[in-house]
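Peer 1: Supplied structure: work32.txt, compact mmCIF, C-alpha atoms.
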```
# COMPACT_ATOMS: atom_id res chain seq x y z
CA MET G 7 12.81 9.39 19.39
CA LEU G 8 13.32 6.32 21.57
CA ALA G 9 10.05 7.04 23.37
CA ALA G 10 8.27 7.43 20.02
CA ILE G 11 9.63 4.11 18.70
CA THR G 12 8.62 2.44 21.94
CA ALA G 13 5.11 3.90 21.61
CA LEU G 14 4.80 2.63 18.01
CA LEU G 15 6.01 -0.87 18.96
CA LEU G 16 3.76 -0.88 22.04
CA CYS G 17 0.70 -0.03 19.89
CA GLN G 18 1.64 -2.84 17.50
CA LEU G 19 2.19 -5.29 20.36
CA ILE G 20 -1.19 -4.46 21.94
CA GLY G 21 -2.82 -4.65 18.47
CA GLU G 22 -1.34 -8.11 17.75
CA ALA G 23 -2.22 -9.40 21.23
CA VAL G 24 -5.83 -8.16 21.16
CA VAL G 25 -6.44 -9.45 17.61
CA ARG G 26 -5.34 -12.93 18.70
CA LEU G 27 -7.06 -12.80 22.07
CA VAL G 28 -10.53 -11.97 20.75
CA ALA G 29 -10.02 -13.55 17.27
CA LEU G 30 -10.67 -10.30 15.34
CA PRO G 31 -10.41 -10.70 11.54
CA VAL G 32 -8.32 -7.48 11.09
CA PRO G 33 -4.49 -7.41 11.07
CA GLY G 34 -2.77 -6.46 14.35
CA PRO G 35 -1.08 -3.31 12.97
CA VAL G 36 -4.50 -1.95 11.87
CA LEU G 37 -5.75 -2.17 15.44
CA GLY G 38 -2.47 -0.57 16.56
CA LEU G 39 -3.12 2.29 14.11
CA VAL G 40 -6.62 2.82 15.54
CA LEU G 41 -5.20 2.75 19.06
CA LEU G 42 -2.56 5.40 18.30
CA LEU G 43 -5.17 7.50 16.47
CA ALA G 44 -7.41 7.34 19.56
CA VAL G 45 -4.52 8.31 21.86
CA VAL G 46 -3.49 11.38 19.81
CA ALA G 47 -7.15 12.39 19.40
CA LEU G 48 -7.64 12.21 23.19
CA ARG G 49 -4.45 14.20 23.78
CA ARG G 50 -5.65 16.65 21.08
CA GLY G 51 -2.21 16.73 19.47
CA VAL G 52 0.83 14.79 18.29
CA PRO G 53 4.02 15.11 20.41
CA ALA G 54 6.90 16.59 18.38
CA THR G 55 9.07 13.51 18.89
CA LEU G 56 6.33 11.20 17.57
CA GLU G 57 5.74 13.56 14.65
CA SER G 58 9.41 13.43 13.57
CA THR G 59 9.81 9.66 14.10
CA ALA G 60 6.62 8.92 12.15
CA SER G 61 7.55 11.17 9.24
CA GLY G 62 11.06 9.65 9.19
CA LEU G 63 9.61 6.13 8.95
CA LEU G 64 7.02 7.11 6.35
CA LYS G 65 9.49 9.09 4.21
CA HIS G 66 10.99 5.80 3.04
CA PHE G 67 7.76 3.83 3.24
CA SER G 68 8.24 2.47 -0.32
CA LEU G 69 11.59 0.87 0.59
CA LEU G 70 9.86 -1.29 3.21
CA PHE G 71 7.79 -3.02 0.46
CA VAL G 72 10.85 -4.27 -1.43
CA PRO G 73 11.61 -7.52 0.51
CA ALA G 74 7.96 -8.60 0.21
CA GLY G 75 7.93 -7.70 -3.48
CA VAL G 76 10.97 -9.91 -4.13
CA GLY G 77 8.76 -12.72 -2.79
CA VAL G 78 7.30 -12.83 -6.32
CA LEU G 79 10.15 -15.32 -6.93
CA GLN G 80 8.18 -17.90 -4.96
CA HIS G 81 5.01 -17.33 -7.00
CA LEU G 82 6.21 -17.31 -10.61
CA PRO G 83 4.50 -20.65 -11.51
CA ARG G 84 1.15 -19.44 -10.11
CA ILE G 85 1.37 -16.09 -11.89
CA GLU G 86 2.26 -17.86 -15.14
CA ALA G 87 -0.77 -20.17 -14.79
CA GLU G 88 -3.27 -17.44 -13.80
CA TRP G 89 -1.82 -14.34 -15.45
CA LEU G 90 -4.96 -13.49 -17.48
CA ALA G 91 -7.30 -13.54 -14.47
CA ILE G 92 -4.81 -11.51 -12.41
CA ALA G 93 -4.12 -8.91 -15.12
CA ALA G 94 -7.82 -8.45 -15.97
CA ALA G 95 -8.78 -8.17 -12.28
CA LEU G 96 -6.13 -5.53 -11.57
CA LEU G 97 -6.95 -3.45 -14.65
CA VAL G 98 -10.77 -3.52 -14.30
CA SER G 99 -10.65 -3.02 -10.53
CA SER G 100 -8.19 -0.09 -10.61
CA ALA G 101 -10.20 1.77 -13.27
CA ALA G 102 -13.59 1.03 -11.65
CA THR G 103 -12.39 2.08 -8.18
CA ILE G 104 -11.06 5.43 -9.41
CA VAL G 105 -14.27 6.17 -11.36
CA VAL G 106 -16.73 5.08 -8.63
CA THR G 107 -14.88 6.86 -5.80
CA ALA G 108 -14.49 10.15 -7.70
CA VAL G 109 -18.06 10.16 -9.09
CA VAL G 110 -19.64 9.36 -5.69
CA MET G 111 -17.54 11.99 -3.94
CA ARG G 112 -18.42 14.65 -6.52
CA ALA G 113 -22.12 13.78 -6.32
CA MET G 114 -22.03 14.04 -2.51
CA ILE G 115 -20.14 17.37 -2.62
CA ARG G 116 -22.77 18.79 -5.03
CA LEU G 117 -25.63 17.37 -3.02
CA MET G 118 -24.35 19.02 0.15
CA LYS G 119 -23.38 22.20 -1.74
CA LEU G 120 -19.75 22.00 -0.59
CA ASP G 121 -18.26 23.09 -3.92
CA ASP G 122 -15.19 25.24 -3.44
CA THR G 123 -12.64 27.17 -5.44
CA THR G 124 -9.71 24.75 -5.48
CA ARG G 125 -10.46 23.33 -8.91
CA SER G 126 -8.08 21.81 -11.39
CA HIS G 127 -7.82 22.71 -15.03
CA GLY G 128 -7.39 19.28 -16.51
CA ALA G 129 -3.86 18.59 -15.23
CA MET J 22 42.74 -14.94 -6.40
CA ILE J 23 39.56 -16.49 -7.72
CA ALA J 24 39.63 -18.97 -4.85
CA GLU J 25 39.79 -16.04 -2.39
CA PHE J 26 36.78 -14.41 -4.01
CA THR J 27 34.93 -17.69 -3.78
CA ASP J 28 35.82 -17.89 -0.09
CA ILE J 29 34.53 -14.37 0.56
CA TRP J 30 31.35 -15.10 -1.41
CA VAL J 31 30.74 -18.32 0.49
CA TYR J 32 31.17 -16.41 3.76
CA LEU J 33 28.98 -13.42 2.82
CA ARG J 34 26.11 -15.29 1.19
CA THR J 35 25.25 -17.06 4.42
CA GLY J 36 24.99 -13.96 6.67
CA PRO J 37 22.31 -11.26 6.74
CA LEU J 38 24.70 -8.37 5.97
CA LEU J 39 25.05 -8.97 2.23
CA TRP J 40 21.36 -9.08 1.29
CA LEU J 41 20.42 -6.25 3.65
CA THR J 42 23.02 -4.03 1.97
CA VAL J 43 22.03 -5.16 -1.53
CA THR J 44 18.34 -4.41 -0.79
CA LEU J 45 19.17 -0.83 0.24
CA ALA J 46 21.55 -0.40 -2.71
CA ALA J 47 18.93 -1.63 -5.21
CA TYR J 48 16.38 0.80 -3.77
CA VAL J 49 18.80 3.75 -3.83
CA ALA J 50 19.60 2.97 -7.48
CA ALA J 51 15.90 2.65 -8.36
CA GLN J 52 15.09 5.94 -6.58
CA TRP J 53 17.90 7.67 -8.49
CA LEU J 54 16.54 6.38 -11.81
CA TYR J 55 12.97 7.48 -10.90
CA GLU J 56 14.15 11.01 -10.08
CA ARG J 57 16.35 11.20 -13.18
CA THR J 58 13.39 10.35 -15.45
CA GLY J 59 11.15 13.08 -13.97
CA LEU J 60 9.19 10.67 -11.69
CA ASN J 61 7.92 8.52 -14.56
CA PRO J 62 5.12 6.34 -13.08
CA LEU J 63 6.30 3.40 -15.23
CA LEU J 64 9.66 3.42 -13.42
CA ASN J 65 8.19 3.05 -9.96
CA PRO J 66 11.16 2.62 -7.57
CA VAL J 67 9.64 -0.37 -5.76
CA ALA J 68 9.04 -2.18 -9.07
CA VAL J 69 12.54 -1.39 -10.36
CA ALA J 70 14.25 -2.45 -7.10
CA VAL J 71 12.28 -5.73 -7.07
CA VAL J 72 13.23 -6.48 -10.70
CA LEU J 73 16.91 -5.76 -9.95
CA LEU J 74 16.90 -8.02 -6.87
CA VAL J 75 14.98 -10.86 -8.57
CA ALA J 76 17.50 -10.78 -11.44
CA LEU J 77 20.42 -10.84 -8.99
CA LEU J 78 18.98 -13.69 -6.89
CA THR J 79 18.24 -15.73 -10.01
CA ALA J 80 21.72 -15.09 -11.47
CA THR J 81 23.46 -16.14 -8.23
CA GLY J 82 21.09 -19.04 -7.55
CA THR J 83 20.22 -17.61 -4.11
CA PRO J 84 16.99 -18.95 -2.56
CA TYR J 85 14.42 -16.40 -1.31
CA GLN J 86 14.79 -17.72 2.28
CA THR J 87 18.50 -16.82 2.29
CA TYR J 88 17.72 -13.39 0.86
CA PHE J 89 14.99 -12.80 3.43
CA GLU J 90 17.34 -13.48 6.36
CA GLY J 91 19.00 -10.19 5.47
CA ALA J 92 15.95 -8.33 4.12
CA GLN J 93 13.79 -9.15 7.16
CA PHE J 94 15.20 -6.16 9.04
CA VAL J 95 13.69 -3.84 6.43
CA HIS J 96 10.50 -5.90 6.24
CA PHE J 97 10.01 -5.73 10.02
CA LEU J 98 9.67 -1.93 9.91
CA LEU J 99 6.39 -2.27 7.95
CA GLY J 100 4.55 -2.92 11.24
CA PRO J 101 5.67 0.23 13.13
CA ALA J 102 5.34 2.25 9.88
CA THR J 103 1.69 1.19 9.58
CA ILE J 104 1.03 2.39 13.14
CA ALA J 105 2.85 5.63 12.25
CA LEU J 106 0.20 6.29 9.53
CA ALA J 107 -2.02 7.43 12.43
CA VAL J 108 0.07 10.63 12.69
CA PRO J 109 -0.50 12.11 9.18
CA LEU J 110 -4.07 10.75 9.29
CA TYR J 111 -4.77 12.71 12.49
CA THR J 112 -2.97 15.86 11.26
CA HIS J 113 -4.90 15.92 7.98
CA LEU J 114 -8.30 14.91 9.34
CA GLY J 115 -8.59 18.52 10.55
CA THR J 116 -8.06 19.99 7.08
CA VAL J 117 -10.47 17.56 5.37
CA ARG J 118 -13.23 17.84 7.98
CA ALA J 119 -15.40 20.08 5.76
CA VAL J 120 -16.09 17.22 3.35
CA LEU J 121 -16.02 14.38 5.88
CA LEU J 122 -19.41 12.91 4.95
CA PRO J 123 -18.82 12.92 1.14
CA MET J 124 -15.45 11.30 1.85
CA LEU J 125 -16.87 8.52 4.00
CA VAL J 126 -19.63 7.70 1.47
CA ALA J 127 -17.09 7.70 -1.40
CA LEU J 128 -14.74 5.57 0.73
CA LEU J 129 -17.38 2.91 1.29
CA ALA J 130 -18.35 2.86 -2.41
CA GLY J 131 -14.70 2.75 -3.51
CA ALA J 132 -13.63 0.07 -1.03
CA VAL J 133 -16.52 -2.23 -2.01
CA THR J 134 -15.82 -1.62 -5.73
CA ALA J 135 -12.10 -2.35 -5.34
CA VAL J 136 -12.62 -5.66 -3.55
CA GLY J 137 -15.76 -6.70 -5.47
CA THR J 138 -14.49 -6.08 -9.01
CA ALA J 139 -11.05 -7.61 -8.39
CA VAL J 140 -12.43 -10.80 -6.83
CA GLY J 141 -15.39 -10.92 -9.27
CA VAL J 142 -13.34 -10.59 -12.47
CA ALA J 143 -10.67 -13.06 -11.31
CA ALA J 144 -13.32 -15.57 -10.18
CA LEU J 145 -15.08 -15.34 -13.57
CA LEU J 146 -11.77 -16.07 -15.27
CA GLY J 147 -11.21 -19.15 -13.11
CA ALA J 148 -8.62 -18.00 -10.58
CA SER J 149 -7.92 -20.26 -7.59
CA PHE J 150 -9.07 -19.38 -4.05
CA GLU J 151 -5.53 -18.47 -2.91
CA THR J 152 -5.26 -16.05 -5.81
CA LEU J 153 -8.70 -14.51 -5.07
CA ALA J 154 -7.85 -14.09 -1.38
CA SER J 155 -4.49 -12.56 -2.32
CA LEU J 156 -6.20 -10.14 -4.75
CA ALA J 157 -9.01 -8.97 -2.43
CA PRO J 158 -6.99 -6.41 -0.39
CA LYS J 159 -4.80 -5.20 -3.30
CA SER J 160 -5.91 -1.54 -3.17
CA VAL J 161 -4.60 -0.87 0.35
CA THR J 162 -1.09 -0.18 1.53
CA THR J 163 1.18 -3.28 1.56
CA PRO J 164 1.53 -3.98 5.30
CA ILE J 165 -2.23 -3.83 5.84
CA ALA J 166 -2.93 -5.79 2.64
CA MET J 167 -0.45 -8.52 3.63
CA GLY J 168 -2.02 -8.77 7.07
CA ILE J 169 -5.53 -9.11 5.57
CA SER J 170 -4.32 -11.66 3.01
CA GLU J 171 -2.73 -13.80 5.71
CA ARG J 172 -5.87 -13.78 7.84
CA ILE J 173 -8.24 -14.84 5.02
CA GLY J 174 -6.07 -17.61 3.54
CA GLY J 175 -4.22 -15.73 0.81
CA LEU J 176 -0.48 -15.63 0.15
CA PRO J 177 0.93 -12.44 1.76
CA SER J 178 3.97 -12.25 -0.53
CA LEU J 179 1.75 -12.63 -3.65
CA THR J 180 -0.51 -9.88 -2.22
CA ALA J 181 2.54 -7.61 -1.85
CA VAL J 182 3.30 -8.01 -5.55
CA LEU J 183 -0.36 -7.40 -6.54
CA VAL J 184 -0.53 -4.30 -4.31
CA ILE J 185 2.53 -2.81 -6.00
CA LEU J 186 1.15 -3.58 -9.48
CA THR J 187 -2.20 -1.99 -8.51
CA GLY J 188 -0.41 1.13 -7.28
CA ILE J 189 1.51 1.53 -10.53
CA LEU J 190 -1.65 0.92 -12.62
CA GLY J 191 -3.76 3.32 -10.54
CA ALA J 192 -1.12 6.05 -10.70
CA MET J 193 -1.02 5.69 -14.50
CA LEU J 194 -4.81 5.55 -15.01
CA ALA J 195 -6.00 8.26 -12.58
CA THR J 196 -5.20 11.42 -14.56
CA PRO J 197 -6.63 10.34 -17.97
CA LEU J 198 -9.73 8.71 -16.42
CA LEU J 199 -10.59 11.68 -14.20
CA ASN J 200 -10.07 14.11 -17.08
CA ALA J 201 -12.38 12.02 -19.30
CA LEU J 202 -15.05 12.14 -16.57
CA GLY J 203 -14.67 15.92 -16.27
CA ILE J 204 -13.96 15.74 -12.54
CA ARG J 205 -12.10 18.93 -11.64
CA ASP J 206 -12.41 19.01 -7.86
CA TRP J 207 -8.89 18.27 -6.51
CA ARG J 208 -10.39 16.79 -3.37
CA ALA J 209 -12.37 14.15 -5.29
CA ARG J 210 -9.46 13.48 -7.69
CA GLY J 211 -6.94 12.95 -4.89
CA PHE J 212 -9.31 10.91 -2.77
CA ALA J 213 -10.05 8.55 -5.69
CA ALA J 214 -6.32 8.06 -6.37
CA GLY J 215 -5.69 7.23 -2.69
CA VAL J 216 -8.56 4.75 -2.40
CA ALA J 217 -7.62 2.93 -5.63
CA ALA J 218 -3.83 3.09 -5.48
CA HIS J 219 -2.69 3.60 -1.81
CA GLY J 220 0.80 5.09 -1.30
CA ILE J 221 1.87 4.98 -4.93
CA GLY J 222 -1.31 6.84 -5.97
CA THR J 223 -0.72 9.30 -3.11
CA ALA J 224 2.85 10.01 -4.22
CA ARG J 225 1.52 10.60 -7.75
CA ALA J 226 -1.28 12.90 -6.46
CA PHE J 227 1.26 15.04 -4.58
CA HIS J 228 3.14 15.56 -7.86
CA VAL J 229 0.05 17.17 -9.42
CA SER J 230 -1.48 19.07 -6.48
CA GLU J 231 -0.89 19.57 -2.75
CA VAL J 232 -4.65 19.38 -2.07
CA ALA J 233 -5.00 16.17 -4.12
CA GLY J 234 -2.01 14.66 -2.29
CA THR J 235 -3.45 15.43 1.16
CA PHE J 236 -6.80 13.87 0.25
CA ALA J 237 -5.05 10.85 -1.29
CA GLY J 238 -3.04 10.31 1.91
CA VAL J 239 -6.18 10.42 4.05
CA ALA J 240 -7.88 8.06 1.57
CA MET J 241 -4.99 5.58 1.85
CA GLY J 242 -5.26 5.50 5.66
CA LEU J 243 -9.06 5.29 5.72
CA ASN J 244 -9.19 2.62 3.01
CA GLY J 245 -6.65 0.54 4.94
CA LEU J 246 -9.08 0.53 7.86
CA ALA J 247 -12.25 0.06 5.75
CA THR J 248 -10.81 -2.81 3.70
CA ALA J 249 -9.44 -4.58 6.79
CA PHE J 250 -13.01 -4.77 8.13
CA LEU J 251 -14.75 -5.35 4.74
CA VAL J 252 -12.64 -8.10 3.16
CA PRO J 253 -13.18 -10.75 5.86
CA LEU J 254 -16.96 -10.23 5.44
CA LEU J 255 -16.93 -10.26 1.60
CA ILE J 256 -14.51 -13.16 1.09
CA ASP J 257 -16.94 -15.64 2.64
CA TRP J 258 -19.08 -15.36 -0.51
CA VAL J 259 -16.42 -16.91 -2.74
CA ARG J 260 -15.08 -19.49 -0.30
```
Before anything else, please render the file you have as structure tokens.
Peer 2:
Amino acid sequence: MLAAITALLLCQLIGEAVVRLVALPVPGPVLGLVLLLAVVALRRGVPATLESTASGLLKHFSLLFVPAGVGVLQHLPRIEAEWLAIAAALLVSSAATIVVTAVVMRAMIRLMKLDDTTRSHGA
Amino acid sequence: MIAEFTDIWVYLRTGPLLWLTVTLAAYVAAQWLYERTGLNPLLNPVAVAVVLLVALLTATGTPYQTYFEGAQFVHFLLGPATIALAVPLYTHLGTVRAVLLPMLVALLAGAVTAVGTAVGVAALLGASFETLASLAPKSVTTPIAMGISERIGGLPSLTAVLVILTGILGAMLATPLLNALGIRDWRARGFAAGVAAHGIGTARAFHVSEVAGTFAGVAMGLNGLATAFLVPLLIDWVR
């Protein structure tokens, strides 16, 4: 577990350092994610200790968003002033993204004749 | 007696212990409520915990900075947790390999739609640049979205709030929208929920179908990567 935590922190540290060193526009943790993905792909497997540490961290992933969410306190005046633009953007964008993604994926699956049997019945 | 309570309060409110404990307690309470109501998407545990904490901070007149001194220990774990997303992503990439190309094309279309429509609609309605930059990455998981927001001149904490709202909206809209479109393939349904509504959409997808949940989880990871590279390119158009 300690080795797994060290590996996760090391990937993040390298990610943050590289992003700043070469002025990449992506966040450090994203590069760290890519790095870890490359390492497990090269090893052709995830060590058991990394598997359990990662699933432990991700099991309570939602909790980790709470402190940042409370930060809304600092933005109440802005949200009050721009609430219509924010609400419309979130609503239109969420609906459009679901529709576009699902329709494109279905079209591609049909085009490549990859239809399978795991179909829903309107749930 | 009251003076003693005041003394204890004065002592506790300055250290990190109080607000760290209260953050965990608020989340445990919110999780309990969510489970008790049959996982109602309207009672999303993150949203409920945030409302509880905001009410408590306002009632006690505690500034956010004081709160964050305690909550930062939870917040810090977002970084390592983002890296840890590589593990389920790798594990599931094997099972989704059969439809890899349809997924990647849908991912690109979905990621561009998510960023483009959010920024476009808000810009048309006169939102400020900080708001636009904070909105742009709202469909990806919070730690990645906050990182993107910070790098393009948005407000990371506003982004966090917008990400959570997007997740709740997406989780509510996915089932009725996909039914109306007649899309029955669980893979496409789950993938769409994950691209649009990150972890909250993924949790919702797992409630309906294991296949949909797996595809949603992969979509969340891939969209985090795609959006991190896309947003810095797209945001230049509105600057």
Peer 1: Quick one: everything within 7 Å of segment 104-119 of chain G, counting all atoms listed in the file, minus sequence neighbours fewer than 3 positions away in the same chain. Send it as a PDB file with C-alpha atoms, in the frame of the given file.
Peer 2:
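Saved the output as out02.pdb:
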```
ATOM      1  CA  SER G 100      -8.190  -0.090 -10.610  1.00  0.00           C
ATOM      2  CA  ALA G 101     -10.200   1.770 -13.270  1.00  0.00           C
TER       3      ALA G 101
ATOM      4  CA  PRO J 123     -18.820  12.920   1.140  1.00  0.00           C
ATOM      5  CA  MET J 124     -15.450  11.300   1.850  1.00  0.00           C
ATOM      6  CA  ALA J 127     -17.090   7.700  -1.400  1.00  0.00           C
ATOM      7  CA  LEU J 128     -14.740   5.570   0.730  1.00  0.00           C
ATOM      8  CA  ALA J 130     -18.350   2.860  -2.410  1.00  0.00           C
ATOM      9  CA  GLY J 131     -14.700   2.750  -3.510  1.00  0.00           C
ATOM     10  CA  ALA J 195      -6.000   8.260 -12.580  1.00  0.00           C
ATOM     11  CA  ALA J 209     -12.370  14.150  -5.290  1.00  0.00           C
ATOM     12  CA  ARG J 210      -9.460  13.480  -7.690  1.00  0.00           C
ATOM     13  CA  ALA J 213     -10.050   8.550  -5.690  1.00  0.00           C
ATOM     14  CA  ALA J 214      -6.320   8.060  -6.370  1.00  0.00           C
ATOM     15  CA  ALA J 217      -7.620   2.930  -5.630  1.00  0.00           C
TER      16      ALA J 217
END
```
Peer 1: Out of J:Arg57, J:Arg260, J:His219, J:His96, which residue has the shortest atom-to-atom distance to Phe236 of chain J when counting only C-alpha atoms?
Peer 2: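 That would be J:His219, the residue with the smallest distance to Phe236 of chain J.
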Peer 1: Leaving out Glu88 of chain G and any residue of its chain fewer than 2 positions from it, which residues lie within 9 Å of it when counting only C-alpha atoms, given as a ChimeraX atom specification?
Peer 2: /G:83-86,90-93 /J:143,146-149,152
Peer 1: Identify which of the residues G:Ala23, G:Ala74, G:Leu37, G:Leu82 lies closest to chain J, counting all atoms listed in the file when measuring atom-to-atom distances.
Peer 2: G:Ala74
Peer 1: Contacts from chain J to chain G, 6 Å maximum, all atoms listed in the file: show me the residue list as a PyMOL selection string.
Peer 2: chain J and resi 67+71+92+95-96+99-102+104-105+107+123+127+131+134-135+138-139+142-143+146+168-169+178+181-182+191+200+205-207+209+213+217+249
Peer 1: Quick one: everything within 12 Å of His113 of chain J, counting only C-alpha atoms, minus sequence neighbours fewer than 5 positions away in the same chain. Send it as a list in words.
Peer 2: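 Returned residues: Leu43, Gly51 and Val52 of chain G; Leu106, Ala107, Val108, Arg118, Ala119, Leu121, Val232, Gly234, Thr235, Phe236, Ala237, Gly238, Val239, Ala240, Gly242 and Leu243 of chain J.
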Peer 1: By how many Å are atom CA of Thr187 of chain J and atom CA of Ala132 of chain J apart?
Peer 2: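 Those two atoms sit 13.8 Å apart.
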Peer 1: Determine, using all atoms listed in the file, which residues of segment 68-154 of chain J have any atom at most 8 Å from an atom of segment 39-46 of chain J, and tabulate each with its shortest atom pair and distance in Å to one decimal place, rows ordered by chain and then rising number, as JSON lines.
Peer 2:
```
{"residue": "J:Ala70", "atom": "CA", "partner": "J:Thr44", "partner_atom": "CA", "distance": 7.8}
{"residue": "J:Leu74", "atom": "CA", "partner": "J:Thr44", "partner_atom": "CA", "distance": 7.2}
{"residue": "J:Tyr88", "atom": "CA", "partner": "J:Trp40", "partner_atom": "CA", "distance": 5.7}
{"residue": "J:Phe89", "atom": "CA", "partner": "J:Trp40", "partner_atom": "CA", "distance": 7.7}
{"residue": "J:Glu90", "atom": "CA", "partner": "J:Trp40", "partner_atom": "CA", "distance": 7.8}
{"residue": "J:Gly91", "atom": "CA", "partner": "J:Leu41", "partner_atom": "CA", "distance": 4.6}
{"residue": "J:Ala92", "atom": "CA", "partner": "J:Leu41", "partner_atom": "CA", "distance": 5.0}
{"residue": "J:Phe94", "atom": "CA", "partner": "J:Leu41", "partner_atom": "CA", "distance": 7.5}
{"residue": "J:Val95", "atom": "CA", "partner": "J:Leu41", "partner_atom": "CA", "distance": 7.7}
```
Peer 1: Since the input is missing atoms for segment 232-252 of chain J, could you rebuild it with N, CA and C atoms and give the result as a compact mmCIF listing (two decimals), keeping the file's coordinate frame?
Peer 2:
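As written to disk, result.txt reads:
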```txt
# COMPACT_ATOMS: atom_id res chain seq x y z
N VAL J 232 -3.33 19.74 -2.59
CA VAL J 232 -4.65 19.38 -2.07
C VAL J 232 -4.98 17.92 -2.42
N ALA J 233 -4.74 17.55 -3.69
CA ALA J 233 -5.00 16.17 -4.12
C ALA J 233 -4.16 15.20 -3.30
N GLY J 234 -2.90 15.53 -3.05
CA GLY J 234 -2.01 14.66 -2.29
C GLY J 234 -2.49 14.44 -0.86
N THR J 235 -2.94 15.53 -0.21
CA THR J 235 -3.45 15.43 1.16
C THR J 235 -4.67 14.51 1.21
N PHE J 236 -5.60 14.71 0.28
CA PHE J 236 -6.80 13.87 0.25
C PHE J 236 -6.46 12.42 -0.09
N ALA J 237 -5.47 12.22 -0.94
CA ALA J 237 -5.05 10.85 -1.29
C ALA J 237 -4.45 10.16 -0.07
N GLY J 238 -3.65 10.89 0.71
CA GLY J 238 -3.04 10.31 1.91
C GLY J 238 -4.09 9.89 2.92
N VAL J 239 -5.09 10.75 3.12
CA VAL J 239 -6.18 10.42 4.05
C VAL J 239 -6.95 9.21 3.52
N ALA J 240 -7.17 9.18 2.18
CA ALA J 240 -7.88 8.06 1.57
C ALA J 240 -7.12 6.75 1.78
N MET J 241 -5.80 6.79 1.65
CA MET J 241 -4.99 5.58 1.85
C MET J 241 -5.18 5.04 3.27
N GLY J 242 -5.10 5.94 4.26
CA GLY J 242 -5.26 5.50 5.66
C GLY J 242 -6.66 4.95 5.93
N LEU J 243 -7.68 5.71 5.48
CA LEU J 243 -9.06 5.29 5.72
C LEU J 243 -9.39 3.99 5.00
N ASN J 244 -8.88 3.84 3.76
CA ASN J 244 -9.19 2.62 3.01
C ASN J 244 -8.49 1.41 3.63
N GLY J 245 -7.32 1.63 4.23
CA GLY J 245 -6.65 0.54 4.94
C GLY J 245 -7.55 0.00 6.04
N LEU J 246 -8.17 0.92 6.77
CA LEU J 246 -9.08 0.53 7.86
C LEU J 246 -10.34 -0.12 7.30
N ALA J 247 -10.98 0.55 6.30
CA ALA J 247 -12.25 0.06 5.75
C ALA J 247 -12.07 -1.34 5.16
N THR J 248 -11.02 -1.52 4.37
CA THR J 248 -10.81 -2.81 3.70
C THR J 248 -10.49 -3.92 4.71
N ALA J 249 -9.77 -3.57 5.77
CA ALA J 249 -9.44 -4.58 6.79
C ALA J 249 -10.71 -5.14 7.43
N PHE J 250 -11.76 -4.30 7.54
CA PHE J 250 -13.01 -4.77 8.13
C PHE J 250 -13.92 -5.40 7.08
N LEU J 251 -13.86 -4.89 5.81
CA LEU J 251 -14.75 -5.35 4.74
C LEU J 251 -14.38 -6.72 4.17
N VAL J 252 -13.07 -6.89 3.86
CA VAL J 252 -12.64 -8.10 3.16
C VAL J 252 -13.03 -9.39 3.88
```
